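Before any comments, here is the structure.
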Amino acid sequence: MTEIVANLHRIRERIRACEHDARRPAGSVSLLAVSKGQPLASLRQAWELGVREFGESYVQEALDKMALLPDCIWHFVGPLQSNKTRSIAERFAWVHGVARAKIASRLHDQRPAALPPLNVCVQVNVSGEASKSGVALDEAAALCRHVATLPRLQLRGLMAIPAKLSDPQAQRLAFRSLAGEFQRLRESFPGIDTLSMGMSGDFEAAIAEGATMIRLGTAIFGPRSPRP
Ligand SMILES: *Cc1c(COP(=O)(O)O)cnc(C)c1O
């Protein structure tokens with residue numbers, strides 16, 4: 001068994017166990033394989049094991065992989081720059097991390113009418129870190145309202161990358177505050193279904209607090225190669 005095969009088996013078991021411990025239905029958490037900085041051969045191995053949802057952060061790297069790996073759902077998880085929105089709007093199915101109304105509008109205007117709407121998660125900066133993008137928790141509703149007015153975008157929910165905290169309780173509180181806002185927003189936006197939170201180092205806490213999608217890179221694929 002290769003490392004990736006063993007990792008995926010273990011992670012899928014952990015997800016089931018965490019769902020069970022949190023009294024959540026089996027299958028309520030979906031796994032996004034974050035494959036930025038990983039060679040195509042690694043994505044192929046995951047594909048052989050049924051993985052079809054991949055997360056990428058660099059547009060050109062992603063376009064190269066898309067050309068060679070069929071039938072996948074591609075999620076853009078990187079920082080959004082205005083000069084990259086066109087390729088993202090044309091080629092991806094999801095964008096995690098929309099944090100500005102202007103970027104949302106650009107993605108909408110550039111989404112081809114022939115494609116289904118682009119799935120969008122609004123990024124929240126739960127830890128209030130100046131260096132991280134994302135809107136403050138109390139600004140999330142306003143940005144969601146804006147996204148919901150744009151017909152070529154489909155508002156799916158919230159996404160966050162909380163600061164790494166050594167105290168597991170504090171880590172859970174960051175996820176909990178995001179989950180609380182998600183539940184409140186569902187009253188105004190009944191269609192939203194995605195709480196994208198939890199990475200390789202903290203996905204178990206995220207599932208315990210209600211994540212519906214976890215984004216794992218190194219836990220599946222091992223270390224990434226540095227950006228070329
Ligand atoms: C790279 C990345 C991940 C995956 O990180 P790991 O720690 O390798 O699991 C998840 N989410 C986002 C937004 C990322 O950029």
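Identifiers for the structure tokens are assigned positionally: chains receive A, B, ... in sequence, residues are indexed from 1 per chain, and ligands are indexed from 1 in the order shown.
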
Please return as a PDB file with N, CA and C atoms, in the first residue's frame: the residues of chain A that backbone DSSP assigns to alpha helix (DSSP H).
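As a result, out.pdb now contains:
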```pdb
ATOM      1  N   GLU A   3       1.797   5.281   0.583  1.00  0.00           N
ATOM      2  CA  GLU A   3       1.526   6.227   1.668  1.00  0.00           C
ATOM      3  C   GLU A   3       0.163   6.903   1.495  1.00  0.00           C
ATOM      4  N   ILE A   4      -0.137   7.320   0.272  1.00  0.00           N
ATOM      5  CA  ILE A   4      -1.386   8.056   0.031  1.00  0.00           C
ATOM      6  C   ILE A   4      -2.597   7.146   0.269  1.00  0.00           C
ATOM      7  N   VAL A   5      -2.485   5.906  -0.179  1.00  0.00           N
ATOM      8  CA  VAL A   5      -3.580   4.949   0.044  1.00  0.00           C
ATOM      9  C   VAL A   5      -3.802   4.756   1.541  1.00  0.00           C
ATOM     10  N   ALA A   6      -2.707   4.549   2.272  1.00  0.00           N
ATOM     11  CA  ALA A   6      -2.813   4.341   3.722  1.00  0.00           C
ATOM     12  C   ALA A   6      -3.377   5.594   4.398  1.00  0.00           C
ATOM     13  N   ASN A   7      -2.899   6.755   3.988  1.00  0.00           N
ATOM     14  CA  ASN A   7      -3.395   8.006   4.580  1.00  0.00           C
ATOM     15  C   ASN A   7      -4.892   8.170   4.355  1.00  0.00           C
ATOM     16  N   LEU A   8      -5.326   7.904   3.131  1.00  0.00           N
ATOM     17  CA  LEU A   8      -6.750   8.093   2.832  1.00  0.00           C
ATOM     18  C   LEU A   8      -7.628   7.137   3.624  1.00  0.00           C
ATOM     19  N   HIS A   9      -7.166   5.886   3.739  1.00  0.00           N
ATOM     20  CA  HIS A   9      -7.933   4.935   4.554  1.00  0.00           C
ATOM     21  C   HIS A   9      -8.054   5.434   5.984  1.00  0.00           C
ATOM     22  N   ARG A  10      -6.926   5.873   6.528  1.00  0.00           N
ATOM     23  CA  ARG A  10      -6.934   6.306   7.926  1.00  0.00           C
ATOM     24  C   ARG A  10      -7.816   7.541   8.101  1.00  0.00           C
ATOM     25  N   ILE A  11      -7.701   8.481   7.182  1.00  0.00           N
ATOM     26  CA  ILE A  11      -8.483   9.719   7.298  1.00  0.00           C
ATOM     27  C   ILE A  11      -9.974   9.420   7.180  1.00  0.00           C
ATOM     28  N   ARG A  12     -10.337   8.556   6.242  1.00  0.00           N
ATOM     29  CA  ARG A  12     -11.763   8.239   6.095  1.00  0.00           C
ATOM     30  C   ARG A  12     -12.298   7.578   7.358  1.00  0.00           C
ATOM     31  N   GLU A  13     -11.482   6.735   7.967  1.00  0.00           N
ATOM     32  CA  GLU A  13     -11.912   6.138   9.241  1.00  0.00           C
ATOM     33  C   GLU A  13     -12.060   7.196  10.325  1.00  0.00           C
ATOM     34  N   ARG A  14     -11.105   8.122  10.389  1.00  0.00           N
ATOM     35  CA  ARG A  14     -11.175   9.183  11.409  1.00  0.00           C
ATOM     36  C   ARG A  14     -12.421  10.045  11.197  1.00  0.00           C
ATOM     37  N   ILE A  15     -12.730  10.337   9.944  1.00  0.00           N
ATOM     38  CA  ILE A  15     -13.915  11.165   9.677  1.00  0.00           C
ATOM     39  C   ILE A  15     -15.166  10.448  10.191  1.00  0.00           C
ATOM     40  N   ARG A  16     -15.284   9.149   9.867  1.00  0.00           N
ATOM     41  CA  ARG A  16     -16.453   8.383  10.342  1.00  0.00           C
ATOM     42  C   ARG A  16     -16.530   8.392  11.858  1.00  0.00           C
ATOM     43  N   ALA A  17     -15.362   8.182  12.510  1.00  0.00           N
ATOM     44  CA  ALA A  17     -15.343   8.133  13.975  1.00  0.00           C
ATOM     45  C   ALA A  17     -15.734   9.492  14.565  1.00  0.00           C
ATOM     46  N   CYS A  18     -15.247  10.567  13.972  1.00  0.00           N
ATOM     47  CA  CYS A  18     -15.580  11.910  14.484  1.00  0.00           C
ATOM     48  C   CYS A  18     -17.051  12.229  14.266  1.00  0.00           C
ATOM     49  N   GLU A  19     -17.591  11.827  13.108  1.00  0.00           N
ATOM     50  CA  GLU A  19     -19.023  12.033  12.869  1.00  0.00           C
ATOM     51  C   GLU A  19     -19.824  11.301  13.942  1.00  0.00           C
ATOM     52  N   HIS A  20     -19.422  10.075  14.209  1.00  0.00           N
ATOM     53  CA  HIS A  20     -20.130   9.265  15.192  1.00  0.00           C
ATOM     54  C   HIS A  20     -20.059   9.905  16.575  1.00  0.00           C
ATOM     55  N   ASP A  21     -18.840  10.301  16.979  1.00  0.00           N
ATOM     56  CA  ASP A  21     -18.661  10.908  18.309  1.00  0.00           C
ATOM     57  C   ASP A  21     -19.483  12.185  18.459  1.00  0.00           C
ATOM     58  N   LEU A  40       1.038  15.413 -10.189  1.00  0.00           N
ATOM     59  CA  LEU A  40      -0.157  14.802 -10.759  1.00  0.00           C
ATOM     60  C   LEU A  40      -0.288  13.328 -10.367  1.00  0.00           C
ATOM     61  N   ALA A  41       0.843  12.640 -10.270  1.00  0.00           N
ATOM     62  CA  ALA A  41       0.782  11.215  -9.918  1.00  0.00           C
ATOM     63  C   ALA A  41       0.098  11.014  -8.559  1.00  0.00           C
ATOM     64  N   SER A  42       0.279  11.945  -7.657  1.00  0.00           N
ATOM     65  CA  SER A  42      -0.365  11.829  -6.349  1.00  0.00           C
ATOM     66  C   SER A  42      -1.870  12.033  -6.462  1.00  0.00           C
ATOM     67  N   LEU A  43      -2.275  12.994  -7.288  1.00  0.00           N
ATOM     68  CA  LEU A  43      -3.715  13.199  -7.491  1.00  0.00           C
ATOM     69  C   LEU A  43      -4.322  11.948  -8.126  1.00  0.00           C
ATOM     70  N   ARG A  44      -3.582  11.344  -9.061  1.00  0.00           N
ATOM     71  CA  ARG A  44      -4.085  10.131  -9.723  1.00  0.00           C
ATOM     72  C   ARG A  44      -4.329   9.020  -8.723  1.00  0.00           C
ATOM     73  N   GLN A  45      -3.407   8.886  -7.762  1.00  0.00           N
ATOM     74  CA  GLN A  45      -3.589   7.841  -6.746  1.00  0.00           C
ATOM     75  C   GLN A  45      -4.861   8.082  -5.944  1.00  0.00           C
ATOM     76  N   ALA A  46      -5.075   9.339  -5.571  1.00  0.00           N
ATOM     77  CA  ALA A  46      -6.299   9.656  -4.823  1.00  0.00           C
ATOM     78  C   ALA A  46      -7.525   9.404  -5.708  1.00  0.00           C
ATOM     79  N   TRP A  47      -7.413   9.762  -6.973  1.00  0.00           N
ATOM     80  CA  TRP A  47      -8.523   9.568  -7.933  1.00  0.00           C
ATOM     81  C   TRP A  47      -8.895   8.090  -7.998  1.00  0.00           C
ATOM     82  N   GLU A  48      -7.862   7.219  -8.049  1.00  0.00           N
ATOM     83  CA  GLU A  48      -8.107   5.763  -8.099  1.00  0.00           C
ATOM     84  C   GLU A  48      -8.909   5.294  -6.885  1.00  0.00           C
ATOM     85  N   VAL A  59      -3.569  29.224 -10.055  1.00  0.00           N
ATOM     86  CA  VAL A  59      -4.408  28.998 -11.215  1.00  0.00           C
ATOM     87  C   VAL A  59      -3.698  28.158 -12.278  1.00  0.00           C
ATOM     88  N   GLN A  60      -2.475  28.543 -12.658  1.00  0.00           N
ATOM     89  CA  GLN A  60      -1.834  27.835 -13.769  1.00  0.00           C
ATOM     90  C   GLN A  60      -1.584  26.369 -13.423  1.00  0.00           C
ATOM     91  N   GLU A  61      -1.098  26.129 -12.210  1.00  0.00           N
ATOM     92  CA  GLU A  61      -0.882  24.745 -11.772  1.00  0.00           C
ATOM     93  C   GLU A  61      -2.193  23.951 -11.863  1.00  0.00           C
ATOM     94  N   ALA A  62      -3.270  24.582 -11.453  1.00  0.00           N
ATOM     95  CA  ALA A  62      -4.565  23.896 -11.478  1.00  0.00           C
ATOM     96  C   ALA A  62      -5.013  23.603 -12.909  1.00  0.00           C
ATOM     97  N   LEU A  63      -4.858  24.583 -13.806  1.00  0.00           N
ATOM     98  CA  LEU A  63      -5.300  24.372 -15.191  1.00  0.00           C
ATOM     99  C   LEU A  63      -4.524  23.218 -15.817  1.00  0.00           C
ATOM    100  N   ASP A  64      -3.229  23.118 -15.515  1.00  0.00           N
ATOM    101  CA  ASP A  64      -2.428  22.014 -16.052  1.00  0.00           C
ATOM    102  C   ASP A  64      -2.969  20.672 -15.576  1.00  0.00           C
ATOM    103  N   LYS A  65      -3.333  20.600 -14.308  1.00  0.00           N
ATOM    104  CA  LYS A  65      -3.845  19.333 -13.762  1.00  0.00           C
ATOM    105  C   LYS A  65      -5.234  19.017 -14.326  1.00  0.00           C
ATOM    106  N   MET A  66      -6.076  20.046 -14.458  1.00  0.00           N
ATOM    107  CA  MET A  66      -7.438  19.816 -14.971  1.00  0.00           C
ATOM    108  C   MET A  66      -7.407  19.155 -16.343  1.00  0.00           C
ATOM    109  N   ALA A  67      -6.411  19.555 -17.146  1.00  0.00           N
ATOM    110  CA  ALA A  67      -6.333  19.034 -18.512  1.00  0.00           C
ATOM    111  C   ALA A  67      -6.048  17.529 -18.502  1.00  0.00           C
ATOM    112  N   LEU A  68      -5.476  17.027 -17.415  1.00  0.00           N
ATOM    113  CA  LEU A  68      -5.012  15.635 -17.399  1.00  0.00           C
ATOM    114  C   LEU A  68      -5.801  14.723 -16.462  1.00  0.00           C
ATOM    115  N   THR A  85      -9.351  36.401 -11.473  1.00  0.00           N
ATOM    116  CA  THR A  85     -10.741  35.959 -11.313  1.00  0.00           C
ATOM    117  C   THR A  85     -11.313  35.346 -12.592  1.00  0.00           C
ATOM    118  N   ARG A  86     -10.858  35.818 -13.762  1.00  0.00           N
ATOM    119  CA  ARG A  86     -11.466  35.302 -14.986  1.00  0.00           C
ATOM    120  C   ARG A  86     -11.244  33.798 -15.145  1.00  0.00           C
ATOM    121  N   SER A  87      -9.989  33.364 -15.009  1.00  0.00           N
ATOM    122  CA  SER A  87      -9.724  31.923 -15.157  1.00  0.00           C
ATOM    123  C   SER A  87     -10.463  31.129 -14.088  1.00  0.00           C
ATOM    124  N   ILE A  88     -10.539  31.692 -12.899  1.00  0.00           N
ATOM    125  CA  ILE A  88     -11.235  30.978 -11.825  1.00  0.00           C
ATOM    126  C   ILE A  88     -12.718  30.856 -12.164  1.00  0.00           C
ATOM    127  N   ALA A  89     -13.311  31.965 -12.607  1.00  0.00           N
ATOM    128  CA  ALA A  89     -14.743  31.945 -12.942  1.00  0.00           C
ATOM    129  C   ALA A  89     -15.034  30.993 -14.098  1.00  0.00           C
ATOM    130  N   GLU A  90     -14.067  30.871 -15.014  1.00  0.00           N
ATOM    131  CA  GLU A  90     -14.309  30.036 -16.197  1.00  0.00           C
ATOM    132  C   GLU A  90     -14.036  28.558 -15.958  1.00  0.00           C
ATOM    133  N   ARG A  91     -13.143  28.238 -15.017  1.00  0.00           N
ATOM    134  CA  ARG A  91     -12.651  26.871 -14.950  1.00  0.00           C
ATOM    135  C   ARG A  91     -12.972  26.106 -13.665  1.00  0.00           C
ATOM    136  N   ALA A 101     -16.874  42.187  -1.688  1.00  0.00           N
ATOM    137  CA  ALA A 101     -18.014  42.305  -2.605  1.00  0.00           C
ATOM    138  C   ALA A 101     -17.532  42.502  -4.043  1.00  0.00           C
ATOM    139  N   LYS A 102     -16.468  43.278  -4.192  1.00  0.00           N
ATOM    140  CA  LYS A 102     -15.980  43.574  -5.536  1.00  0.00           C
ATOM    141  C   LYS A 102     -15.489  42.300  -6.245  1.00  0.00           C
ATOM    142  N   ILE A 103     -14.808  41.424  -5.494  1.00  0.00           N
ATOM    143  CA  ILE A 103     -14.337  40.167  -6.078  1.00  0.00           C
ATOM    144  C   ILE A 103     -15.535  39.283  -6.432  1.00  0.00           C
ATOM    145  N   ALA A 104     -16.526  39.259  -5.575  1.00  0.00           N
ATOM    146  CA  ALA A 104     -17.727  38.470  -5.874  1.00  0.00           C
ATOM    147  C   ALA A 104     -18.362  38.954  -7.173  1.00  0.00           C
ATOM    148  N   SER A 105     -18.465  40.254  -7.325  1.00  0.00           N
ATOM    149  CA  SER A 105     -19.084  40.808  -8.539  1.00  0.00           C
ATOM    150  C   SER A 105     -18.274  40.453  -9.785  1.00  0.00           C
ATOM    151  N   ARG A 106     -16.951  40.531  -9.668  1.00  0.00           N
ATOM    152  CA  ARG A 106     -16.108  40.159 -10.820  1.00  0.00           C
ATOM    153  C   ARG A 106     -16.308  38.700 -11.181  1.00  0.00           C
ATOM    154  N   LEU A 107     -16.303  37.819 -10.180  1.00  0.00           N
ATOM    155  CA  LEU A 107     -16.494  36.391 -10.451  1.00  0.00           C
ATOM    156  C   LEU A 107     -17.843  36.174 -11.141  1.00  0.00           C
ATOM    157  N   HIS A 108     -18.854  36.880 -10.656  1.00  0.00           N
ATOM    158  CA  HIS A 108     -20.178  36.764 -11.270  1.00  0.00           C
ATOM    159  C   HIS A 108     -20.150  37.215 -12.728  1.00  0.00           C
ATOM    160  N   ASP A 109     -19.570  38.393 -12.967  1.00  0.00           N
ATOM    161  CA  ASP A 109     -19.581  38.939 -14.322  1.00  0.00           C
ATOM    162  C   ASP A 109     -18.794  38.053 -15.284  1.00  0.00           C
ATOM    163  N   GLN A 110     -17.794  37.352 -14.759  1.00  0.00           N
ATOM    164  CA  GLN A 110     -16.918  36.556 -15.616  1.00  0.00           C
ATOM    165  C   GLN A 110     -17.347  35.083 -15.700  1.00  0.00           C
ATOM    166  N   ALA A 140     -20.223  39.099   7.869  1.00  0.00           N
ATOM    167  CA  ALA A 140     -20.468  37.970   6.965  1.00  0.00           C
ATOM    168  C   ALA A 140     -21.861  38.062   6.331  1.00  0.00           C
ATOM    169  N   ALA A 141     -22.844  38.455   7.113  1.00  0.00           N
ATOM    170  CA  ALA A 141     -24.214  38.482   6.591  1.00  0.00           C
ATOM    171  C   ALA A 141     -24.329  39.462   5.425  1.00  0.00           C
ATOM    172  N   ALA A 142     -23.684  40.623   5.549  1.00  0.00           N
ATOM    173  CA  ALA A 142     -23.773  41.626   4.470  1.00  0.00           C
ATOM    174  C   ALA A 142     -23.151  41.097   3.184  1.00  0.00           C
ATOM    175  N   LEU A 143     -22.002  40.426   3.303  1.00  0.00           N
ATOM    176  CA  LEU A 143     -21.375  39.885   2.093  1.00  0.00           C
ATOM    177  C   LEU A 143     -22.213  38.734   1.519  1.00  0.00           C
ATOM    178  N   CYS A 144     -22.787  37.920   2.381  1.00  0.00           N
ATOM    179  CA  CYS A 144     -23.677  36.849   1.902  1.00  0.00           C
ATOM    180  C   CYS A 144     -24.866  37.445   1.136  1.00  0.00           C
ATOM    181  N   ARG A 145     -25.425  38.526   1.658  1.00  0.00           N
ATOM    182  CA  ARG A 145     -26.558  39.166   0.967  1.00  0.00           C
ATOM    183  C   ARG A 145     -26.149  39.609  -0.426  1.00  0.00           C
ATOM    184  N   HIS A 146     -24.954  40.170  -0.537  1.00  0.00           N
ATOM    185  CA  HIS A 146     -24.475  40.619  -1.844  1.00  0.00           C
ATOM    186  C   HIS A 146     -24.324  39.421  -2.793  1.00  0.00           C
ATOM    187  N   VAL A 147     -23.657  38.370  -2.318  1.00  0.00           N
ATOM    188  CA  VAL A 147     -23.445  37.184  -3.170  1.00  0.00           C
ATOM    189  C   VAL A 147     -24.792  36.619  -3.614  1.00  0.00           C
ATOM    190  N   ALA A 148     -25.757  36.618  -2.703  1.00  0.00           N
ATOM    191  CA  ALA A 148     -27.061  36.018  -3.013  1.00  0.00           C
ATOM    192  C   ALA A 148     -27.808  36.790  -4.098  1.00  0.00           C
ATOM    193  N   PRO A 168      -6.407  23.041  22.670  1.00  0.00           N
ATOM    194  CA  PRO A 168      -7.492  22.462  21.858  1.00  0.00           C
ATOM    195  C   PRO A 168      -8.855  23.092  22.147  1.00  0.00           C
ATOM    196  N   GLN A 169      -9.074  23.504  23.387  1.00  0.00           N
ATOM    197  CA  GLN A 169     -10.360  24.138  23.720  1.00  0.00           C
ATOM    198  C   GLN A 169     -10.518  25.465  22.986  1.00  0.00           C
ATOM    199  N   ALA A 170      -9.431  26.239  22.989  1.00  0.00           N
ATOM    200  CA  ALA A 170      -9.462  27.529  22.296  1.00  0.00           C
ATOM    201  C   ALA A 170      -9.660  27.314  20.797  1.00  0.00           C
ATOM    202  N   GLN A 171      -9.034  26.258  20.275  1.00  0.00           N
ATOM    203  CA  GLN A 171      -9.190  25.929  18.860  1.00  0.00           C
ATOM    204  C   GLN A 171     -10.653  25.634  18.541  1.00  0.00           C
ATOM    205  N   ARG A 172     -11.278  24.876  19.420  1.00  0.00           N
ATOM    206  CA  ARG A 172     -12.677  24.538  19.181  1.00  0.00           C
ATOM    207  C   ARG A 172     -13.579  25.761  19.249  1.00  0.00           C
ATOM    208  N   LEU A 173     -13.227  26.713  20.133  1.00  0.00           N
ATOM    209  CA  LEU A 173     -14.053  27.923  20.243  1.00  0.00           C
ATOM    210  C   LEU A 173     -14.060  28.725  18.946  1.00  0.00           C
ATOM    211  N   ALA A 174     -12.916  28.759  18.267  1.00  0.00           N
ATOM    212  CA  ALA A 174     -12.864  29.491  16.995  1.00  0.00           C
ATOM    213  C   ALA A 174     -13.817  28.833  15.993  1.00  0.00           C
ATOM    214  N   PHE A 175     -13.770  27.505  15.913  1.00  0.00           N
ATOM    215  CA  PHE A 175     -14.692  26.802  15.014  1.00  0.00           C
ATOM    216  C   PHE A 175     -16.144  27.001  15.453  1.00  0.00           C
ATOM    217  N   ARG A 176     -16.351  27.027  16.772  1.00  0.00           N
ATOM    218  CA  ARG A 176     -17.720  27.143  17.272  1.00  0.00           C
ATOM    219  C   ARG A 176     -18.328  28.495  16.909  1.00  0.00           C
ATOM    220  N   SER A 177     -17.507  29.541  16.973  1.00  0.00           N
ATOM    221  CA  SER A 177     -18.081  30.857  16.647  1.00  0.00           C
ATOM    222  C   SER A 177     -18.462  30.915  15.166  1.00  0.00           C
ATOM    223  N   LEU A 178     -17.677  30.265  14.320  1.00  0.00           N
ATOM    224  CA  LEU A 178     -18.035  30.228  12.898  1.00  0.00           C
ATOM    225  C   LEU A 178     -19.313  29.414  12.694  1.00  0.00           C
ATOM    226  N   ALA A 179     -19.397  28.275  13.392  1.00  0.00           N
ATOM    227  CA  ALA A 179     -20.584  27.420  13.250  1.00  0.00           C
ATOM    228  C   ALA A 179     -21.834  28.143  13.739  1.00  0.00           C
ATOM    229  N   GLY A 180     -21.701  28.948  14.789  1.00  0.00           N
ATOM    230  CA  GLY A 180     -22.843  29.707  15.301  1.00  0.00           C
ATOM    231  C   GLY A 180     -23.352  30.691  14.255  1.00  0.00           C
ATOM    232  N   GLU A 181     -22.427  31.381  13.623  1.00  0.00           N
ATOM    233  CA  GLU A 181     -22.820  32.342  12.579  1.00  0.00           C
ATOM    234  C   GLU A 181     -23.460  31.610  11.397  1.00  0.00           C
ATOM    235  N   PHE A 182     -22.904  30.446  11.054  1.00  0.00           N
ATOM    236  CA  PHE A 182     -23.465  29.638   9.959  1.00  0.00           C
ATOM    237  C   PHE A 182     -24.926  29.286  10.257  1.00  0.00           C
ATOM    238  N   GLN A 183     -25.186  28.848  11.478  1.00  0.00           N
ATOM    239  CA  GLN A 183     -26.573  28.493  11.833  1.00  0.00           C
ATOM    240  C   GLN A 183     -27.500  29.706  11.757  1.00  0.00           C
ATOM    241  N   ARG A 184     -27.009  30.869  12.221  1.00  0.00           N
ATOM    242  CA  ARG A 184     -27.835  32.081  12.131  1.00  0.00           C
ATOM    243  C   ARG A 184     -28.126  32.439  10.676  1.00  0.00           C
ATOM    244  N   LEU A 185     -27.091  32.325   9.834  1.00  0.00           N
ATOM    245  CA  LEU A 185     -27.268  32.699   8.424  1.00  0.00           C
ATOM    246  C   LEU A 185     -28.252  31.774   7.712  1.00  0.00           C
ATOM    247  N   ARG A 186     -28.339  30.548   8.177  1.00  0.00           N
ATOM    248  CA  ARG A 186     -29.256  29.609   7.512  1.00  0.00           C
ATOM    249  C   ARG A 186     -30.695  30.059   7.601  1.00  0.00           C
ATOM    250  N   GLU A 187     -31.018  30.873   8.619  1.00  0.00           N
ATOM    251  CA  GLU A 187     -32.389  31.382   8.719  1.00  0.00           C
ATOM    252  C   GLU A 187     -32.680  32.352   7.572  1.00  0.00           C
ATOM    253  N   SER A 188     -31.684  33.166   7.213  1.00  0.00           N
ATOM    254  CA  SER A 188     -31.896  34.110   6.103  1.00  0.00           C
ATOM    255  C   SER A 188     -31.631  33.473   4.742  1.00  0.00           C
ATOM    256  N   PHE A 203      -8.676  19.028  11.825  1.00  0.00           N
ATOM    257  CA  PHE A 203      -9.980  18.655  11.252  1.00  0.00           C
ATOM    258  C   PHE A 203     -10.889  17.941  12.239  1.00  0.00           C
ATOM    259  N   GLU A 204     -10.303  17.267  13.233  1.00  0.00           N
ATOM    260  CA  GLU A 204     -11.177  16.551  14.172  1.00  0.00           C
ATOM    261  C   GLU A 204     -11.984  17.548  15.016  1.00  0.00           C
ATOM    262  N   ALA A 205     -11.315  18.611  15.461  1.00  0.00           N
ATOM    263  CA  ALA A 205     -12.024  19.661  16.208  1.00  0.00           C
ATOM    264  C   ALA A 205     -13.087  20.312  15.320  1.00  0.00           C
ATOM    265  N   ALA A 206     -12.756  20.507  14.052  1.00  0.00           N
ATOM    266  CA  ALA A 206     -13.707  21.151  13.135  1.00  0.00           C
ATOM    267  C   ALA A 206     -14.955  20.288  12.955  1.00  0.00           C
ATOM    268  N   ILE A 207     -14.770  18.967  12.835  1.00  0.00           N
ATOM    269  CA  ILE A 207     -15.940  18.079  12.673  1.00  0.00           C
ATOM    270  C   ILE A 207     -16.781  18.102  13.949  1.00  0.00           C
ATOM    271  N   ALA A 208     -16.103  18.100  15.090  1.00  0.00           N
ATOM    272  CA  ALA A 208     -16.838  18.139  16.361  1.00  0.00           C
ATOM    273  C   ALA A 208     -17.705  19.390  16.444  1.00  0.00           C
ATOM    274  N   THR A 218      -1.658  18.050   3.367  1.00  0.00           N
ATOM    275  CA  THR A 218      -0.520  17.225   3.798  1.00  0.00           C
ATOM    276  C   THR A 218      -0.949  15.916   4.468  1.00  0.00           C
ATOM    277  N   ALA A 219      -2.078  15.908   5.145  1.00  0.00           N
ATOM    278  CA  ALA A 219      -2.499  14.659   5.804  1.00  0.00           C
ATOM    279  C   ALA A 219      -2.757  13.557   4.771  1.00  0.00           C
ATOM    280  N   ILE A 220      -3.155  13.937   3.565  1.00  0.00           N
ATOM    281  CA  ILE A 220      -3.377  12.948   2.507  1.00  0.00           C
ATOM    282  C   ILE A 220      -2.091  12.705   1.717  1.00  0.00           C
ATOM    283  N   PHE A 221      -1.472  13.801   1.274  1.00  0.00           N
ATOM    284  CA  PHE A 221      -0.421  13.698   0.260  1.00  0.00           C
ATOM    285  C   PHE A 221       0.996  13.795   0.807  1.00  0.00           C
TER     286      PHE A 221
END
```

Could I get the residue neighbourhood of ligand 1 at 7 Å, counting only C-alpha atoms and all ligand atoms, as an mmCIF file with N, CA and C atoms, in the first residue's frame?
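Contents of pocket-v5.cif, as written:
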```
data_model
loop_
_atom_site.group_PDB
_atom_site.id
_atom_site.type_symbol
_atom_site.label_atom_id
_atom_site.label_comp_id
_atom_site.auth_asym_id
_atom_site.auth_seq_id
_atom_site.Cartn_x
_atom_site.Cartn_y
_atom_site.Cartn_z
ATOM 1 N N VAL A 34 -6.815 18.779 -0.884
ATOM 2 C CA VAL A 34 -6.103 20.003 -1.308
ATOM 3 C C VAL A 34 -4.760 19.585 -1.901
ATOM 4 N N LYS A 36 -2.649 21.356 -4.029
ATOM 5 C CA LYS A 36 -1.648 22.359 -4.462
ATOM 6 C C LYS A 36 -0.250 21.878 -4.098
ATOM 7 N N SER A 57 -4.630 26.145 -5.281
ATOM 8 C CA SER A 57 -4.437 27.541 -4.881
ATOM 9 C C SER A 57 -3.772 28.398 -5.941
ATOM 10 N N VAL A 77 -8.985 27.374 -3.615
ATOM 11 C CA VAL A 77 -8.890 27.656 -2.176
ATOM 12 C C VAL A 77 -7.833 28.712 -1.861
ATOM 13 N N GLY A 78 -7.236 29.296 -2.902
ATOM 14 C CA GLY A 78 -6.141 30.235 -2.658
ATOM 15 C C GLY A 78 -6.616 31.660 -2.466
ATOM 16 N N ILE A 161 -10.061 29.883 7.993
ATOM 17 C CA ILE A 161 -8.750 29.285 8.301
ATOM 18 C C ILE A 161 -8.330 29.860 9.652
ATOM 19 N N MET A 199 -8.405 21.703 8.660
ATOM 20 C CA MET A 199 -7.308 21.337 7.774
ATOM 21 C C MET A 199 -6.583 20.147 8.406
ATOM 22 N N SER A 200 -5.405 19.789 7.863
ATOM 23 C CA SER A 200 -4.746 18.569 8.339
ATOM 24 C C SER A 200 -4.538 18.554 9.856
ATOM 25 N N GLY A 201 -4.208 19.718 10.424
ATOM 26 C CA GLY A 201 -3.848 19.743 11.838
ATOM 27 C C GLY A 201 -5.023 19.856 12.794
ATOM 28 N N ARG A 215 -10.776 20.465 4.523
ATOM 29 C CA ARG A 215 -9.833 20.672 3.412
ATOM 30 C C ARG A 215 -8.472 20.126 3.815
ATOM 31 N N LEU A 216 -8.133 18.942 3.343
ATOM 32 C CA LEU A 216 -6.889 18.310 3.787
ATOM 33 C C LEU A 216 -5.875 18.205 2.652
ATOM 34 N N GLY A 217 -4.674 18.679 2.941
ATOM 35 C CA GLY A 217 -3.577 18.568 1.987
ATOM 36 C C GLY A 217 -2.533 17.586 2.484
ATOM 37 N N THR A 218 -1.658 18.050 3.367
ATOM 38 C CA THR A 218 -0.520 17.225 3.798
ATOM 39 C C THR A 218 -0.949 15.916 4.468
ATOM 40 N N ALA A 219 -2.078 15.908 5.145
ATOM 41 C CA ALA A 219 -2.499 14.659 5.804
ATOM 42 C C ALA A 219 -2.757 13.557 4.771
#
```

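Of note, CA of Gly198 (chain A) and CA of Met159 (chain A) are spaced 9.3 Å apart.
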
### Query
What are the DSSP strand (DSSP E or B) residues of region 5-87 of chain A, as number ranges by chain?
A: 30-34, 53-56, 73-76

Quick one: residues within 8 Å of Ser30 (chain A), only C-alpha atoms counted, chain neighbours fewer than 5 positions away excluded, as a PyMOL selection string? chain A and resi 212-214

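Nearest residue to Cys121 (chain A), choosing from A:Gln38, A:Pro151, A:Val51, A:Met197 and counting only C-alpha atoms: A:Met197.
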
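Among A:Lys84, A:Arg224, A:His75, A:Lys132, the residue with the shortest atom-to-atom distance to Ser196 (chain A), counting only C-alpha atoms, is A:His75.
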